[in-house]
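run-v7.tsv follows (TSV, C-alpha atoms):
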chain	number	residue	atom	x	y	z
O	13	MET	CA	-54.95	-33.44	-32.86
O	14	SER	CA	-51.82	-33.89	-34.88
O	15	THR	CA	-48.70	-35.86	-34.07
O	16	GLN	CA	-46.54	-33.30	-35.85
O	17	THR	CA	-45.31	-30.32	-33.89
O	18	ASP	CA	-44.15	-26.99	-35.10
O	19	GLU	CA	-40.34	-26.91	-35.09
O	20	ARG	CA	-40.11	-23.18	-34.42
O	21	ALA	CA	-38.74	-22.21	-31.05
O	22	ALA	CA	-41.66	-20.56	-29.33
O	23	THR	CA	-40.69	-18.03	-26.71
O	24	SER	CA	-43.15	-17.44	-23.95
O	25	ARG	CA	-44.42	-14.08	-22.85
O	26	PHE	CA	-42.49	-14.50	-19.64
O	27	THR	CA	-39.22	-15.00	-21.52
O	28	ARG	CA	-39.84	-12.03	-23.77
O	29	GLY	CA	-40.77	-9.88	-20.77
O	30	ARG	CA	-37.68	-11.00	-18.86
O	31	LEU	CA	-35.42	-10.17	-21.82
O	32	ALA	CA	-37.12	-6.79	-22.30
O	33	PHE	CA	-36.63	-6.02	-18.61
O	34	ARG	CA	-32.96	-7.04	-18.86
O	35	TYR	CA	-32.49	-4.70	-21.82
O	36	PHE	CA	-34.24	-1.92	-19.88
O	37	ARG	CA	-32.06	-2.53	-16.82
O	38	TRP	CA	-28.76	-2.54	-18.72
O	39	ARG	CA	-29.29	0.81	-20.43
O	40	ARG	CA	-29.84	2.97	-17.34
O	41	PRO	CA	-28.71	3.25	-13.70
O	42	PHE	CA	-31.35	0.77	-12.56
O	43	TRP	CA	-29.99	-0.11	-9.12
O	44	ALA	CA	-29.28	3.54	-8.32
O	45	GLY	CA	-32.90	4.40	-9.11
O	46	LEU	CA	-34.17	1.46	-7.06
O	47	PHE	CA	-32.13	2.44	-3.99
O	48	THR	CA	-33.28	6.05	-4.33
O	49	ILE	CA	-36.94	5.01	-4.59
O	50	LEU	CA	-36.48	2.75	-1.56
O	51	ALA	CA	-34.94	5.69	0.33
O	52	GLY	CA	-38.16	7.66	-0.04
O	53	GLY	CA	-40.25	4.95	1.63
O	54	PRO	CA	-39.02	5.09	5.24
O	55	ILE	CA	-38.66	8.86	5.10
O	56	LEU	CA	-42.32	9.12	4.07
O	57	TYR	CA	-43.62	6.41	6.38
O	58	PHE	CA	-42.15	7.00	9.84
O	59	PRO	CA	-43.37	10.56	10.51
O	60	TYR	CA	-46.95	9.42	9.87
O	61	ALA	CA	-46.76	5.94	11.45
O	62	HIS	CA	-48.90	4.84	14.39
O	63	VAL	CA	-47.72	1.80	16.32
O	64	THR	CA	-50.35	0.22	18.57
O	65	LEU	CA	-49.30	-2.10	21.40
O	66	GLY	CA	-52.48	-3.24	23.12
O	67	ASP	CA	-54.19	-0.05	24.30
O	68	LEU	CA	-51.04	2.06	23.91
O	69	THR	CA	-50.63	4.06	20.71
O	70	ILE	CA	-47.19	5.40	19.83
O	71	ARG	CA	-46.98	8.14	17.24
O	72	MET	CA	-43.75	9.00	15.50
O	73	SER	CA	-45.10	12.20	14.00
O	74	THR	CA	-42.90	15.26	14.15
O	75	THR	CA	-43.49	18.93	13.59
O	76	ALA	CA	-41.62	18.61	10.33
O	77	GLY	CA	-44.03	16.06	8.81
O	78	ALA	CA	-44.51	18.22	5.72
O	79	GLY	CA	-40.75	18.33	5.21
O	80	SER	CA	-40.60	14.55	5.41
O	81	LEU	CA	-43.40	14.31	2.87
O	82	VAL	CA	-41.58	16.61	0.45
O	83	ILE	CA	-38.22	14.85	0.86
O	84	GLY	CA	-39.73	11.38	0.46
O	85	VAL	CA	-41.72	12.30	-2.63
O	86	LEU	CA	-38.71	14.04	-4.20
O	87	LEU	CA	-36.50	10.99	-3.60
O	88	ILE	CA	-39.07	8.76	-5.30
O	89	VAL	CA	-39.32	11.19	-8.24
O	90	LEU	CA	-35.51	11.33	-8.52
O	91	GLY	CA	-35.33	7.53	-8.57
O	92	LEU	CA	-37.89	7.40	-11.38
O	93	THR	CA	-35.97	10.13	-13.18
O	94	MET	CA	-32.83	7.99	-13.05
O	95	TRP	CA	-34.77	5.18	-14.70
O	96	PHE	CA	-36.59	7.09	-17.41
O	97	GLN	CA	-34.17	10.00	-18.07
O	98	PRO	CA	-30.70	8.45	-17.59
O	99	HIS	CA	-28.93	11.45	-19.15
O	100	VAL	CA	-29.70	13.54	-16.02
O	101	ARG	CA	-28.27	10.90	-13.68
O	102	VAL	CA	-25.55	13.16	-12.24
O	103	PHE	CA	-28.03	15.88	-11.26
O	104	ALA	CA	-30.44	13.30	-9.83
O	105	GLY	CA	-27.62	11.61	-7.90
O	106	VAL	CA	-26.36	14.84	-6.36
O	107	ALA	CA	-29.91	15.90	-5.49
O	108	ALA	CA	-30.60	12.48	-3.90
O	109	ILE	CA	-27.47	12.77	-1.75
O	110	MET	CA	-28.40	16.29	-0.66
O	111	LEU	CA	-31.97	15.26	0.20
O	112	ALA	CA	-30.71	12.23	2.13
O	113	LEU	CA	-28.43	14.49	4.17
O	114	VAL	CA	-31.27	16.93	4.87
O	115	SER	CA	-33.51	14.04	5.93
O	116	LEU	CA	-31.21	13.37	8.88
O	117	VAL	CA	-32.33	16.61	10.49
O	118	VAL	CA	-35.88	16.87	9.16
O	119	SER	CA	-37.26	13.33	9.18
O	120	ASN	CA	-36.53	11.16	12.25
O	121	PHE	CA	-32.84	10.68	11.48
O	122	GLY	CA	-33.55	9.98	7.82
O	123	GLY	CA	-36.19	7.32	8.43
O	124	PHE	CA	-34.12	5.81	11.26
O	125	PHE	CA	-31.07	5.71	8.95
O	126	LEU	CA	-32.79	3.34	6.49
O	127	GLY	CA	-33.82	6.06	4.04
O	128	PHE	CA	-30.64	8.02	4.68
O	129	LEU	CA	-28.33	5.11	3.79
O	130	CYS	CA	-30.38	4.05	0.76
O	131	GLY	CA	-30.39	7.65	-0.49
O	132	LEU	CA	-26.62	7.95	-0.15
O	133	VAL	CA	-25.99	4.63	-1.88
O	134	GLY	CA	-28.46	5.35	-4.69
O	135	GLY	CA	-27.13	8.86	-5.29
O	136	GLY	CA	-23.53	7.65	-5.31
O	137	MET	CA	-24.36	4.85	-7.73
O	138	ALA	CA	-26.14	7.29	-10.04
O	139	ILE	CA	-23.14	9.59	-10.14
O	140	ALA	CA	-20.73	6.70	-10.77
O	141	TRP	CA	-22.79	4.97	-13.48
O	142	MET	CA	-21.65	5.36	-17.10
O	143	PRO	CA	-23.43	4.05	-20.18
O	144	GLY	CA	-21.60	1.16	-21.82
O	145	GLN	CA	-20.19	1.21	-25.33
O	146	PRO	CA	-21.40	-1.54	-27.65
O	147	ALA	CA	-18.64	-3.75	-29.02
O	148	SER	CA	-17.83	-3.25	-32.69
O	149	SER	CA	-18.74	-6.02	-35.12
O	150	THR	CA	-15.06	-6.90	-35.68
O	151	GLU	CA	-14.55	-7.32	-31.94
O	152	GLN	CA	-17.61	-9.56	-31.73
O	153	ASP	CA	-16.30	-11.64	-34.66
O	154	LYS	CA	-12.91	-12.05	-32.99
O	155	GLN	CA	-14.50	-13.11	-29.73
O	156	ALA	CA	-16.69	-15.60	-31.58
O	157	ASP	CA	-13.55	-17.07	-33.22
O	158	GLY	CA	-11.86	-17.41	-29.84
O	159	GLN	CA	-9.25	-14.72	-30.50
O	160	PRO	CA	-8.40	-12.28	-27.74
O	161	PRO	CA	-9.85	-8.79	-28.24
O	162	THR	CA	-7.50	-6.03	-29.30
O	163	ALA	CA	-6.86	-3.01	-27.13
O	164	THR	CA	-9.58	-0.40	-27.20
O	165	PRO	CA	-9.12	3.30	-26.53
O	166	GLY	CA	-8.79	3.98	-22.86
O	167	THR	CA	-7.03	0.72	-22.03
O	168	GLY	CA	-3.37	-0.02	-21.57
O	169	SER	CA	-0.54	2.23	-20.51
O	170	ALA	CA	-0.80	5.99	-20.78
O	171	LEU	CA	2.91	6.13	-21.64
O	172	ALA	CA	2.66	3.80	-24.67
O	173	ASP	CA	2.31	6.71	-27.10
O	174	PHE	CA	5.42	8.53	-25.88
O	175	ASP	CA	8.88	8.06	-27.34
O	176	SER	CA	11.76	7.16	-25.10
O	177	ARG	CA	13.55	10.39	-25.93
O	178	ALA	CA	12.63	13.94	-25.11
O	179	PRO	CA	11.09	16.03	-27.91
O	180	GLU	CA	13.21	18.70	-29.54
O	181	ARG	CA	12.76	22.18	-28.20
O	182	ASP	CA	11.45	24.92	-30.42
O	183	PRO	CA	13.79	27.78	-31.12
O	184	VAL	CA	13.39	30.70	-28.76
O	185	PRO	CA	11.93	33.75	-30.54
O	186	GLY	CA	14.51	36.42	-31.22
O	187	LYS	CA	17.52	34.12	-31.05
O	188	GLY	CA	17.06	32.54	-34.46
O	189	ALA	CA	17.42	28.89	-35.37
O	190	GLN	CA	20.92	28.62	-33.93
O	191	ARG	CA	21.34	29.03	-30.30
O	192	ALA	CA	24.05	28.12	-27.89
O	193	ASP	CA	23.05	25.90	-25.02
The structure in this file should be written as structure tokens.
Amino acid sequence: MSTQTDERAATSRFTRGRLAFRYFRWRRPFWAGLFTILAGGPILYFPYAHVTLGDLTIRMSTTAGAGSLVIGVLLIVLGLTMWFQPHVRVFAGVAAIMLALVSLVVSNFGGFFLGFLCGLVGGGMAIAWMPGQPASSTEQDKQADGQPPTATPGTGSALADFDSRAPERDPVPGKGAQRAD
């Protein structure tokens, strides 16, 4: 046993896994996929559930149990699609909303509104999610120096590029360059 220790900062597997998961989560509509996967659970479960109270068995099964199975499985697949294929997030979001609406009629009021609400929230979040733009190296240097970042495209006033005066009108064809107003 030595009294000297290695001065390198050793990162644990847990820390590396946590950072890898954070990177995974930031680059895709993670919460939208999670809500959509959670929407499939109640829609799948309730039509096939058996609740036993003493000697009394209550079954929630409906005649549309196959429809509930299909809707629940599709919602889970759409949630996984949002995670692993984020470029099809708009399609997956619209499909999740449509399936959640159909589950109201087909599957015990959309899994007693639990699956329905999770499906609507997840689909809406998937449609609204946009991938972020990485900051340029000059912006990162300015922020490290404590300087405020400069305006980036898409920020500020839409009227900033316009002059205060009206642009000159083009001559009307056939009248020539001189025309009487």
Report task. Just the residues within 10 Å of region 107-116 of chain O, please, counting only C-alpha atoms, with nothing from its chain fewer than 3 positions along; format it as number ranges by chain. Result -> O: 45, 48-49, 51-52, 55, 79-80, 82-84, 86-91, 101-104, 119-125, 127-136, 138-139
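For the atom pair formed by CA of Phe42 (chain O) and CA of Ala140 (chain O), the distance is 12.3 Å, given to one decimal.
The two atoms in question, CA of Met137 (chain O) and CA of Phe96 (chain O), are spaced 15.8 Å apart.
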How big is the axis-aligned box around the listed atoms of region 110-123 of chain O once 5 Å is added on each side, and where is its centre? Give both in Å to one decimal, as JSON.
{"center_x": -32.8, "center_y": 12.1, "center_z": 5.8, "size_x": 18.9, "size_y": 19.6, "size_z": 22.9}
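In this model, the gap between CA of Tyr57 (chain O) and CA of Pro98 (chain O) comes to 27.3 Å.
Considering only C-alpha atoms, the residue among O:Leu68, O:Ala44, O:Ala61, O:Leu50 positioned nearest to Val106 (chain O) is O:Ala44.
Among the candidates O:Leu126, O:Leu81, O:Gln145, O:Gly105, the one nearest to Pro41 (chain O) when counting all atoms listed in the file is O:Gly105.
Nearest to Val117 (chain O) of all the residues O:Met142, O:Arg39, O:Val85, O:Gly77 is O:Gly77, based on only C-alpha atoms.
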